[in-house]
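What's in model35.cif: mmCIF, C-alpha atoms
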```
data_data
#
loop_
_atom_site.group_PDB
_atom_site.id
_atom_site.type_symbol
_atom_site.label_atom_id
_atom_site.label_comp_id
_atom_site.auth_asym_id
_atom_site.auth_seq_id
_atom_site.Cartn_x
_atom_site.Cartn_y
_atom_site.Cartn_z
ATOM 1 C CA MET A 1 82.355 31.288 176.194
ATOM 2 C CA LYS A 2 83.526 29.532 179.360
ATOM 3 C CA ASN A 3 82.779 25.875 179.904
ATOM 4 C CA ILE A 4 81.512 25.245 176.475
ATOM 5 C CA HIS A 5 82.149 22.317 174.282
ATOM 6 C CA LEU A 6 81.075 23.002 170.762
ATOM 7 C CA LEU A 7 80.803 20.743 167.799
ATOM 8 C CA ILE A 8 80.231 22.906 164.774
ATOM 9 C CA PHE A 9 79.660 21.703 161.292
ATOM 10 C CA LEU A 10 80.757 23.943 158.453
ATOM 11 C CA ILE A 11 79.649 22.601 155.107
ATOM 12 C CA ILE A 12 81.487 23.992 152.136
ATOM 13 C CA ILE A 13 79.885 22.974 148.884
ATOM 14 C CA SER A 14 81.891 23.317 145.731
ATOM 15 C CA ALA A 15 80.047 22.386 142.553
ATOM 16 C CA CYS A 16 82.084 20.626 139.897
ATOM 17 C CA GLY A 17 81.854 21.955 136.352
ATOM 18 C CA GLY A 18 80.519 19.667 133.694
ATOM 19 C CA GLY A 19 80.037 19.610 129.957
ATOM 20 C CA GLY A 20 76.727 17.761 129.918
ATOM 21 C CA SER A 21 73.442 19.164 128.638
ATOM 22 C CA SER A 22 71.201 20.938 131.139
ATOM 23 C CA ASN A 23 68.315 18.806 129.800
ATOM 24 C CA SER A 24 69.931 15.519 130.762
ATOM 25 C CA GLN A 25 67.696 13.299 132.921
ATOM 26 C CA GLU A 26 70.612 11.171 134.108
ATOM 27 C CA THR A 27 72.680 11.776 137.221
ATOM 28 C CA ASP A 28 76.398 11.995 136.533
ATOM 29 C CA SER A 29 78.347 11.213 139.702
ATOM 30 C CA THR A 30 81.238 13.365 138.495
ATOM 31 C CA ASN A 31 78.968 16.426 138.734
ATOM 32 C CA LEU A 32 77.853 15.861 142.312
ATOM 33 C CA PRO A 33 78.891 18.519 144.846
ATOM 34 C CA ASN A 34 82.144 17.966 146.708
ATOM 35 C CA ILE A 35 81.211 18.229 150.388
ATOM 36 C CA ASN A 36 83.961 18.830 152.957
ATOM 37 C CA LEU A 37 82.910 18.593 156.584
ATOM 38 C CA ILE A 38 84.930 20.695 159.048
ATOM 39 C CA THR A 39 84.321 20.014 162.722
ATOM 40 C CA GLU A 40 85.789 21.775 165.708
ATOM 41 C CA SER A 41 85.787 21.092 169.417
ATOM 42 C CA CYS A 42 86.204 24.013 171.837
ATOM 43 C CA SER A 43 86.894 23.979 175.574
ATOM 44 C CA PRO A 44 88.541 26.320 178.105
ATOM 45 C CA SER A 45 92.321 26.476 177.850
ATOM 46 C CA TRP A 46 94.148 24.787 180.730
ATOM 47 C CA TRP A 47 96.578 27.693 181.096
ATOM 48 C CA ASN A 48 94.015 30.514 180.860
ATOM 49 C CA SER A 49 90.358 29.683 181.399
ATOM 50 C CA SER A 50 89.259 32.998 179.862
ATOM 51 C CA LEU A 51 90.384 31.610 176.500
ATOM 52 C CA ASP A 52 88.820 28.748 174.603
ATOM 53 C CA LYS A 53 91.033 26.390 172.652
ATOM 54 C CA CYS A 54 89.336 25.210 169.468
ATOM 55 C CA GLU A 55 90.705 22.165 167.657
ATOM 56 C CA LEU A 56 89.864 21.099 164.123
ATOM 57 C CA ILE A 57 91.050 19.052 161.182
ATOM 58 C CA HIS A 58 91.853 21.230 158.199
ATOM 59 C CA ASP A 59 93.330 19.814 155.007
ATOM 60 C CA SER A 60 93.980 16.559 156.887
ATOM 61 C CA LEU A 61 96.119 18.456 159.434
ATOM 62 C CA GLU A 62 95.390 18.908 163.128
ATOM 63 C CA ARG A 63 95.042 22.662 163.683
ATOM 64 C CA TYR A 64 93.905 24.824 166.569
ATOM 65 C CA TYR A 65 93.375 28.382 167.690
ATOM 66 C CA TYR A 66 92.571 30.264 170.878
ATOM 67 C CA ILE A 67 89.672 32.676 171.039
ATOM 68 C CA TYR A 68 88.904 35.401 173.553
ATOM 69 C CA VAL A 69 85.431 36.931 173.746
ATOM 70 C CA PRO A 70 84.895 39.756 176.270
ATOM 71 C CA SER A 71 82.329 38.835 178.904
ATOM 72 C CA ASN A 72 80.556 42.190 178.608
ATOM 73 C CA ILE A 73 79.684 42.068 174.900
ATOM 74 C CA ASP A 74 76.161 42.788 173.713
ATOM 75 C CA ILE A 75 75.097 39.519 172.106
ATOM 76 C CA ASN A 76 72.594 41.404 169.957
ATOM 77 C CA LYS A 77 75.286 43.478 168.243
ATOM 78 C CA SER A 78 77.911 42.497 165.706
ATOM 79 C CA ILE A 79 81.457 43.071 166.932
ATOM 80 C CA PRO A 80 84.871 43.244 165.223
ATOM 81 C CA LEU A 81 87.326 40.350 165.002
ATOM 82 C CA LEU A 82 91.105 40.729 165.250
ATOM 83 C CA PHE A 83 93.513 37.946 164.290
ATOM 84 C CA ALA A 84 96.799 37.907 166.229
ATOM 85 C CA LEU A 85 99.426 35.835 164.405
ATOM 86 C CA HIS A 86 102.627 34.668 166.088
ATOM 87 C CA GLY A 87 106.120 34.683 164.613
ATOM 88 C CA TYR A 88 108.167 31.918 162.990
ATOM 89 C CA GLY A 89 108.875 29.055 165.391
ATOM 90 C CA SER A 90 106.707 30.631 168.068
ATOM 91 C CA THR A 91 103.281 29.784 169.475
ATOM 92 C CA ALA A 92 99.856 31.336 169.831
ATOM 93 C CA ARG A 93 100.240 31.074 173.606
ATOM 94 C CA ASN A 94 103.491 33.013 173.576
ATOM 95 C CA HIS A 95 101.991 35.684 171.330
ATOM 96 C CA PHE A 96 99.076 36.061 173.727
ATOM 97 C CA SER A 97 101.456 36.550 176.656
ATOM 98 C CA TYR A 98 103.104 39.760 175.416
ATOM 99 C CA THR A 99 100.488 41.485 173.254
ATOM 100 C CA ASN A 100 98.099 42.471 176.069
ATOM 101 C CA TYR A 101 95.255 42.292 173.559
ATOM 102 C CA GLN A 102 92.888 40.898 176.192
ATOM 103 C CA SER A 103 92.590 44.192 178.090
ATOM 104 C CA LEU A 104 92.137 46.066 174.812
ATOM 105 C CA ALA A 105 89.353 43.687 173.791
ATOM 106 C CA ASP A 106 87.611 44.199 177.124
ATOM 107 C CA ALA A 107 87.799 47.980 176.780
ATOM 108 C CA ASN A 108 86.783 48.106 173.116
ATOM 109 C CA ASN A 109 84.489 45.096 172.649
ATOM 110 C CA PHE A 110 86.170 43.002 170.000
ATOM 111 C CA VAL A 111 86.977 39.310 169.620
ATOM 112 C CA ILE A 112 90.580 38.146 169.398
ATOM 113 C CA VAL A 113 91.695 34.937 167.710
ATOM 114 C CA PHE A 114 95.210 33.564 168.229
ATOM 115 C CA PRO A 115 95.709 30.825 165.597
ATOM 116 C CA GLN A 116 98.573 28.359 165.804
ATOM 117 C CA GLY A 117 100.846 27.952 162.792
ATOM 118 C CA TYR A 118 101.619 24.416 161.649
ATOM 119 C CA ALA A 119 105.016 22.778 162.202
ATOM 120 C CA MET A 120 106.388 21.527 158.889
ATOM 121 C CA ASN A 121 109.718 21.532 157.080
ATOM 122 C CA THR A 122 110.601 24.810 155.351
ATOM 123 C CA ALA A 123 113.663 26.195 153.594
ATOM 124 C CA LEU A 124 114.806 27.724 156.899
ATOM 125 C CA ALA A 125 114.298 24.881 159.363
ATOM 126 C CA SER A 126 112.785 21.453 159.828
ATOM 127 C CA SER A 127 109.453 21.077 161.584
ATOM 128 C CA SER A 128 109.102 24.660 162.783
ATOM 129 C CA SER A 129 105.755 26.371 163.339
ATOM 130 C CA HIS A 130 105.131 28.947 160.636
ATOM 131 C CA TRP A 131 102.726 30.699 158.291
ATOM 132 C CA ASN A 132 103.182 29.666 154.665
ATOM 133 C CA VAL A 133 104.018 32.886 152.802
ATOM 134 C CA GLY A 134 106.811 31.865 150.429
ATOM 135 C CA GLY A 135 110.295 33.269 150.983
ATOM 136 C CA TRP A 136 112.030 31.243 153.695
ATOM 137 C CA THR A 137 108.861 29.137 154.192
ATOM 138 C CA ILE A 138 109.246 27.592 150.728
ATOM 139 C CA GLY A 139 108.956 23.830 151.117
ATOM 140 C CA SER A 140 105.787 24.064 153.154
ATOM 141 C CA ASN A 141 102.515 23.007 151.553
ATOM 142 C CA VAL A 142 100.235 24.243 154.343
ATOM 143 C CA ASN A 143 97.236 26.180 153.038
ATOM 144 C CA ASP A 144 97.123 28.903 155.671
ATOM 145 C CA ILE A 145 94.933 31.243 153.634
ATOM 146 C CA ASP A 146 92.134 28.685 153.587
ATOM 147 C CA PHE A 147 92.790 27.813 157.230
ATOM 148 C CA ILE A 148 92.230 31.433 158.302
ATOM 149 C CA ASP A 149 89.177 31.637 156.042
ATOM 150 C CA SER A 150 87.766 28.511 157.704
ATOM 151 C CA VAL A 151 88.448 29.930 161.165
ATOM 152 C CA ILE A 152 86.508 33.069 160.226
ATOM 153 C CA GLU A 153 83.515 30.905 159.333
ATOM 154 C CA LEU A 154 83.799 28.824 162.486
ATOM 155 C CA VAL A 155 84.113 31.859 164.754
ATOM 156 C CA SER A 156 81.143 33.480 163.011
ATOM 157 C CA ASN A 157 79.074 30.450 163.985
ATOM 158 C CA LYS A 158 79.857 31.084 167.668
ATOM 159 C CA VAL A 159 79.851 34.879 167.897
ATOM 160 C CA GLN A 160 77.978 37.579 165.993
ATOM 161 C CA ILE A 161 80.950 38.995 164.071
ATOM 162 C CA ASP A 162 80.826 42.205 162.059
ATOM 163 C CA GLU A 163 81.970 40.739 158.755
ATOM 164 C CA THR A 164 83.004 44.189 157.492
ATOM 165 C CA ARG A 165 85.447 44.608 160.386
ATOM 166 C CA ILE A 166 87.779 41.617 160.359
ATOM 167 C CA TYR A 167 91.425 42.579 160.887
ATOM 168 C CA SER A 168 94.754 40.775 160.948
ATOM 169 C CA SER A 169 97.867 41.622 162.938
ATOM 170 C CA GLY A 170 101.087 39.747 163.460
ATOM 171 C CA MET A 171 104.660 39.646 164.664
ATOM 172 C CA SER A 172 107.433 38.830 162.159
ATOM 173 C CA ASN A 173 106.172 35.808 160.138
ATOM 174 C CA GLY A 174 102.718 36.706 161.474
ATOM 175 C CA GLY A 175 103.160 40.153 159.933
ATOM 176 C CA PHE A 176 104.141 38.537 156.631
ATOM 177 C CA MET A 177 101.003 36.406 156.861
ATOM 178 C CA SER A 178 98.874 39.482 157.522
ATOM 179 C CA TYR A 179 100.144 40.988 154.259
ATOM 180 C CA HIS A 180 99.494 37.633 152.576
ATOM 181 C CA LEU A 181 95.885 37.775 153.767
ATOM 182 C CA ALA A 182 95.487 41.382 152.618
ATOM 183 C CA CYS A 183 96.572 40.234 149.168
ATOM 184 C CA ASN A 184 94.781 36.887 148.956
ATOM 185 C CA LEU A 185 91.788 37.071 151.312
ATOM 186 C CA SER A 186 90.859 40.710 150.911
ATOM 187 C CA THR A 187 87.168 39.925 150.512
ATOM 188 C CA LYS A 188 87.259 39.121 154.240
ATOM 189 C CA ILE A 189 90.095 41.267 155.645
ATOM 190 C CA ALA A 190 89.383 44.981 156.174
ATOM 191 C CA ALA A 191 92.805 46.170 157.402
ATOM 192 C CA ILE A 192 96.107 44.726 158.600
ATOM 193 C CA ALA A 193 99.027 45.586 160.857
ATOM 194 C CA SER A 194 102.515 44.103 160.744
ATOM 195 C CA VAL A 195 105.156 44.335 163.470
ATOM 196 C CA THR A 196 108.666 43.507 162.204
ATOM 197 C CA GLY A 197 107.150 41.715 159.198
ATOM 198 C CA SER A 198 107.170 42.516 155.491
ATOM 199 C CA MET A 199 106.152 40.894 152.200
ATOM 200 C CA THR A 200 107.932 37.993 150.535
ATOM 201 C CA PRO A 201 108.597 38.247 146.787
ATOM 202 C CA GLU A 202 105.879 35.614 146.300
ATOM 203 C CA THR A 203 103.295 37.673 148.188
ATOM 204 C CA TYR A 204 104.403 40.850 146.431
ATOM 205 C CA SER A 205 104.244 39.422 142.900
ATOM 206 C CA SER A 206 100.888 37.680 143.376
ATOM 207 C CA CYS A 207 99.163 40.388 145.415
ATOM 208 C CA SER A 208 95.632 41.026 144.182
ATOM 209 C CA PRO A 209 93.559 42.933 146.760
ATOM 210 C CA LYS A 210 89.916 43.654 145.965
ATOM 211 C CA HIS A 211 89.408 46.889 147.902
ATOM 212 C CA SER A 212 91.291 49.835 149.367
ATOM 213 C CA THR A 213 93.322 48.392 152.224
ATOM 214 C CA PRO A 214 94.631 50.274 155.277
ATOM 215 C CA ILE A 215 98.139 49.145 156.238
ATOM 216 C CA LEU A 216 100.128 49.745 159.431
ATOM 217 C CA GLN A 217 103.779 48.712 159.551
ATOM 218 C CA ILE A 218 105.815 48.986 162.777
ATOM 219 C CA HIS A 219 109.537 48.449 162.298
ATOM 220 C CA GLY A 220 112.944 49.067 163.860
ATOM 221 C CA LEU A 221 116.081 50.217 162.083
ATOM 222 C CA ARG A 222 118.118 47.725 164.143
ATOM 223 C CA ASP A 223 116.101 44.712 163.016
ATOM 224 C CA VAL A 224 118.626 42.234 161.593
ATOM 225 C CA VAL A 225 116.113 39.389 161.151
ATOM 226 C CA VAL A 226 113.808 41.324 158.824
ATOM 227 C CA PRO A 227 116.042 44.235 157.795
ATOM 228 C CA TYR A 228 114.456 47.553 156.878
ATOM 229 C CA ASN A 229 116.194 47.387 153.484
ATOM 230 C CA GLY A 230 115.182 43.786 152.852
ATOM 231 C CA LEU A 231 116.942 40.622 151.699
ATOM 232 C CA SER A 232 116.654 38.418 148.628
ATOM 233 C CA TYR A 233 113.603 36.682 150.138
ATOM 234 C CA ILE A 234 112.204 39.746 151.946
ATOM 235 C CA GLU A 235 110.947 42.904 150.260
ATOM 236 C CA SER A 236 112.274 46.137 151.749
ATOM 237 C CA ILE A 237 109.969 48.201 153.933
ATOM 238 C CA PRO A 238 110.164 51.247 151.591
ATOM 239 C CA LYS A 239 109.136 49.023 148.660
ATOM 240 C CA VAL A 240 106.200 47.617 150.630
ATOM 241 C CA MET A 241 105.027 51.083 151.664
ATOM 242 C CA GLN A 242 105.323 52.275 148.073
ATOM 243 C CA TYR A 243 103.271 49.339 146.798
ATOM 244 C CA TRP A 244 100.370 49.955 149.158
ATOM 245 C CA SER A 245 100.409 53.735 148.857
ATOM 246 C CA GLU A 246 100.303 53.448 145.061
ATOM 247 C CA TYR A 247 97.644 50.732 145.109
ATOM 248 C CA ASN A 248 95.467 52.901 147.343
ATOM 249 C CA SER A 249 96.144 56.048 145.247
ATOM 250 C CA CYS A 250 97.601 57.940 148.211
ATOM 251 C CA ASP A 251 99.773 61.042 148.117
ATOM 252 C CA LEU A 252 103.202 60.257 146.680
ATOM 253 C CA GLU A 253 105.047 61.412 149.796
ATOM 254 C CA PRO A 254 104.042 60.724 153.403
ATOM 255 C CA GLU A 255 103.464 63.258 156.124
ATOM 256 C CA ILE A 256 106.224 62.717 158.696
ATOM 257 C CA LEU A 257 106.080 63.369 162.423
ATOM 258 C CA ILE A 258 109.342 62.811 164.310
ATOM 259 C CA VAL A 259 109.266 62.224 168.058
ATOM 260 C CA ASP A 260 112.693 62.482 169.723
ATOM 261 C CA ASN A 261 113.480 60.975 173.102
ATOM 262 C CA PHE A 262 116.813 62.525 174.006
ATOM 263 C CA ASP A 263 116.941 60.931 177.469
ATOM 264 C CA ASP A 264 116.885 57.398 176.028
ATOM 265 C CA ASP A 265 118.601 58.335 172.769
ATOM 266 C CA TYR A 266 116.005 57.210 170.252
ATOM 267 C CA SER A 267 113.536 58.714 167.821
ATOM 268 C CA ILE A 268 110.295 57.474 166.283
ATOM 269 C CA ASN A 269 109.141 58.484 162.809
ATOM 270 C CA PHE A 270 105.408 58.380 162.129
ATOM 271 C CA GLU A 271 105.079 58.358 158.326
ATOM 272 C CA THR A 272 101.502 58.544 157.049
ATOM 273 C CA TYR A 273 100.404 58.430 153.428
ATOM 274 C CA MET A 274 97.296 60.594 153.199
ATOM 275 C CA ASN A 275 94.412 61.219 150.785
ATOM 276 C CA CYS A 276 94.042 57.571 149.822
ATOM 277 C CA LEU A 277 90.990 55.882 148.325
ATOM 278 C CA ASN A 278 87.962 55.763 150.629
ATOM 279 C CA ASN A 279 89.727 58.009 153.143
ATOM 280 C CA ILE A 280 92.091 55.302 154.407
ATOM 281 C CA ASN A 281 95.762 55.733 155.404
ATOM 282 C CA ILE A 282 98.979 53.801 154.921
ATOM 283 C CA LYS A 283 101.204 54.253 157.969
ATOM 284 C CA LEU A 284 104.779 53.359 158.901
ATOM 285 C CA ILE A 285 106.049 53.705 162.468
ATOM 286 C CA LEU A 286 109.844 53.527 162.298
ATOM 287 C CA HIS A 287 111.875 53.279 165.524
ATOM 288 C CA SER A 288 115.552 54.244 165.415
ATOM 289 C CA THR A 289 116.848 51.740 167.999
ATOM 290 C CA MET A 290 114.297 48.919 167.949
ATOM 291 C CA GLY A 291 115.316 45.460 166.805
ATOM 292 C CA HIS A 292 113.227 42.385 166.049
ATOM 293 C CA THR A 293 110.719 42.706 168.874
ATOM 294 C CA TRP A 294 107.185 43.667 169.833
ATOM 295 C CA PRO A 295 107.530 47.179 171.290
ATOM 296 C CA MET A 296 105.923 48.137 174.574
ATOM 297 C CA THR A 297 105.595 51.542 176.199
ATOM 298 C CA ASN A 298 108.025 50.790 179.019
ATOM 299 C CA ASN A 299 110.949 49.862 176.768
ATOM 300 C CA TYR A 300 110.458 51.636 173.441
ATOM 301 C CA GLY A 301 108.034 54.427 174.250
ATOM 302 C CA LEU A 302 105.534 52.736 171.981
ATOM 303 C CA SER A 303 102.809 50.137 172.497
ATOM 304 C CA ALA A 304 102.412 48.086 169.326
ATOM 305 C CA SER A 305 99.110 46.649 170.544
ATOM 306 C CA ASN A 306 97.590 50.066 171.232
ATOM 307 C CA GLU A 307 98.854 51.473 167.938
ATOM 308 C CA ILE A 308 97.404 48.504 166.056
ATOM 309 C CA TRP A 309 93.926 48.721 167.530
ATOM 310 C CA ASP A 310 93.819 52.532 167.270
ATOM 311 C CA PHE A 311 94.702 52.192 163.580
ATOM 312 C CA VAL A 312 92.646 49.254 162.293
ATOM 313 C CA SER A 313 89.516 50.093 164.285
ATOM 314 C CA GLN A 314 89.025 53.256 162.216
ATOM 315 C CA TYR A 315 88.153 51.177 159.153
ATOM 316 C CA ASP A 316 85.779 48.630 157.765
ATOM 317 C CA ILE A 317 86.057 46.811 154.459
ATOM 318 C CA TYR A 318 84.636 49.861 152.647
ATOM 319 C CA GLY A 319 87.149 52.363 154.051
ATOM 320 C CA LYS A 320 87.130 54.925 156.864
ATOM 321 C CA ILE A 321 84.181 54.514 159.228
ATOM 322 C CA ASN A 322 82.182 57.732 159.445
#
```
Please express the file's structure as structure tokens.
Amino acid sequence: MKNIHLLIFLIIISACGGGGSSNSQETDSTNLPNINLITESCSPSWWNSSLDKCELIHDSLERYYYIYVPSNIDINKSIPLLFALHGYGSTARNHFSYTNYQSLADANNFVIVFPQGYAMNTALASSSSHWNVGGWTIGSNVNDIDFIDSVIELVSNKVQIDETRIYSSGMSNGGFMSYHLACNLSTKIAAIASVTGSMTPETYSSCSPKHSTPILQIHGLRDVVVPYNGLSYIESIPKVMQYWSEYNSCDLEPEILIVDNFDDDYSINFETYMNCLNNINIKLILHSTMGHTWPMTNNYGLSASNEIWDFVSQYDIYGKIN
């Protein structure tokens, strides 16, 4: 996708309901379709030419995302799409820098999209980039669900995406947003992974997924930003795991594998809820000494990026891939 400059038109037609007779010969202007034209312009990123930066106007706001497409893909085959969502106050560029998703995409043939959250006043801070999920982002009126949905359509116009294998992952607020998408855009999202994220009470109370949904949560017991046991505006990790295991009709108790590292004085619990609908799993990876960070093999004995792709890639929107 190097050296391209695309102008893509996505026409979303929403018919207005009307009470007139179907036999009417007159044209009522109130019943005409509402046509919203979304355009985007893509060009190589100045800081990494292997990425394209795509800019668009969505909901009257200037938005953008970065996209990476492996150079060795078979253009005649549909390939998976993974969203990588940054944390609160962070950037898509920063998230790209530590996830190492690019090498995974090259090895496994999938597209990665790094969207940028919008900077707007929230309950926590003024004009900070975020994903609008309720909780501490109350005060924002950004429609991030529709933004991600629009990005899916725009990316699908550029690359042959396997629409049954669209995944979302994220760090912190990006993890919250991934849960928000699993609840509110489940017709598009096959599976999600959250690192140091959770669900807000708003996401939890309004959650309405349409299919069995594989969930991976990676968390540290020393996380004081998104505590394991939650806060008033953050659901606890046990409550989140219980919600998804019950929704997916999994076994009541998880299978637990404990890996101890006595040299570095930490342990990792791998808790997997088995026998869920459509042969999916709900999985929690709980690190005894990890805080609010994206774990890597060299510092926590765990690569979040590898764990995420190994997990989500097993599934499509219908469940476990045979």
Could you check the closest approach to A:Phe270 for each of A:Ile256, A:Val225, A:Ile282, A:Val69 and tell me which residue wins, using only C-alpha atoms? A:Ile256
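If you look at atom CA of A:Leu56 and atom CA of A:Ile73, they are 25.7 Å away from each other.
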What are the closest atom pairs, with distances in Å to one decimal, for all residues of stretch 97-150 of chain A lying within 10 Å of stretch 62-66 of chain A? Consider all atoms listed in the file, order rows by chain and residue number, and present the result as a Markdown table.
```
| residue | atom | partner | partner_atom | distance |
| --- | --- | --- | --- | --- |
| A:Ile112 | CA | A:Tyr66 | CA | 8.3 |
| A:Val113 | CA | A:Tyr66 | CA | 5.7 |
| A:Phe114 | CA | A:Tyr66 | CA | 5.0 |
| A:Pro115 | CA | A:Tyr65 | CA | 4.0 |
| A:Gln116 | CA | A:Tyr65 | CA | 5.5 |
| A:Gly117 | CA | A:Arg63 | CA | 7.9 |
| A:Tyr118 | CA | A:Arg63 | CA | 7.1 |
| A:Phe147 | CA | A:Arg63 | CA | 8.6 |
| A:Ile148 | CA | A:Tyr65 | CA | 9.9 |
```
9 Å contact set for A:Val159, only C-alpha atoms, chain neighbours under 5 positions out, as a compact mmCIF listing (two decimals) with C-alpha atoms, in the frame of the given file:
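Output file result.txt is given in full below:
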```
# COMPACT_ATOMS: atom_id res chain seq x y z
CA VAL A 69 85.43 36.93 173.75
CA ILE A 75 75.10 39.52 172.11
CA SER A 78 77.91 42.50 165.71
CA ILE A 79 81.46 43.07 166.93
CA VAL A 111 86.98 39.31 169.62
```
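Atom to atom, atom CA of A:Phe110 and atom CA of A:Ser168 stand 12.7 Å apart.
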Which residues fall under the PyMOL selection byres ((chain A and resi 124) around 9) in this file, as a PyMOL selection string? chain A and resi 121-123+125-126+128+136-138
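In this comparison, which uses all atoms listed in the file, the residue of A:Pro238, A:Pro44, A:Gly134, A:Gly170 approaching A:Leu82 most closely is A:Gly170.
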Do you have the atom CA of A:His86-atom CA of A:Ile258 distance handy?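 Computing the Euclidean distance for atom CA of A:His86 and atom CA of A:Ile258 yields 29.0 Å.
Surrounding residues of (111.9, 51.0, 153.1) at most 12 Å away are Ser198, Met199, Gln217, Ile218, His219, Gly220, Leu221, Val226, Pro227, Tyr228, Asn229, Gly230, Leu231, Ile234, Glu235, Ser236, Ile237, Pro238, Lys239, Val240, Met241, Gln242, Tyr243, Glu271, Leu284, Ile285 and Leu286 of chain A (based on all atoms listed in the file).
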Given the file shown, enumerate the residues that the PyMOL selection byres ((chain A and resi 264-268) around 9) captures and present them as a PyMOL selection string. chain A and resi 257-263+269-270+285-290+300-302
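Every residue that the PyMOL selection byres ((chain A and resi 101) around 10) selects in this file is listed here: Tyr68, Leu82, Ala84, His95, Phe96, Ser97, Tyr98, Thr99, Asn100, Gln102, Ser103, Leu104, Ala105, Asp106, Ala107, Phe110, Val111, Ile112, Ser305, Asn306, Ile308 and Trp309 of chain A.
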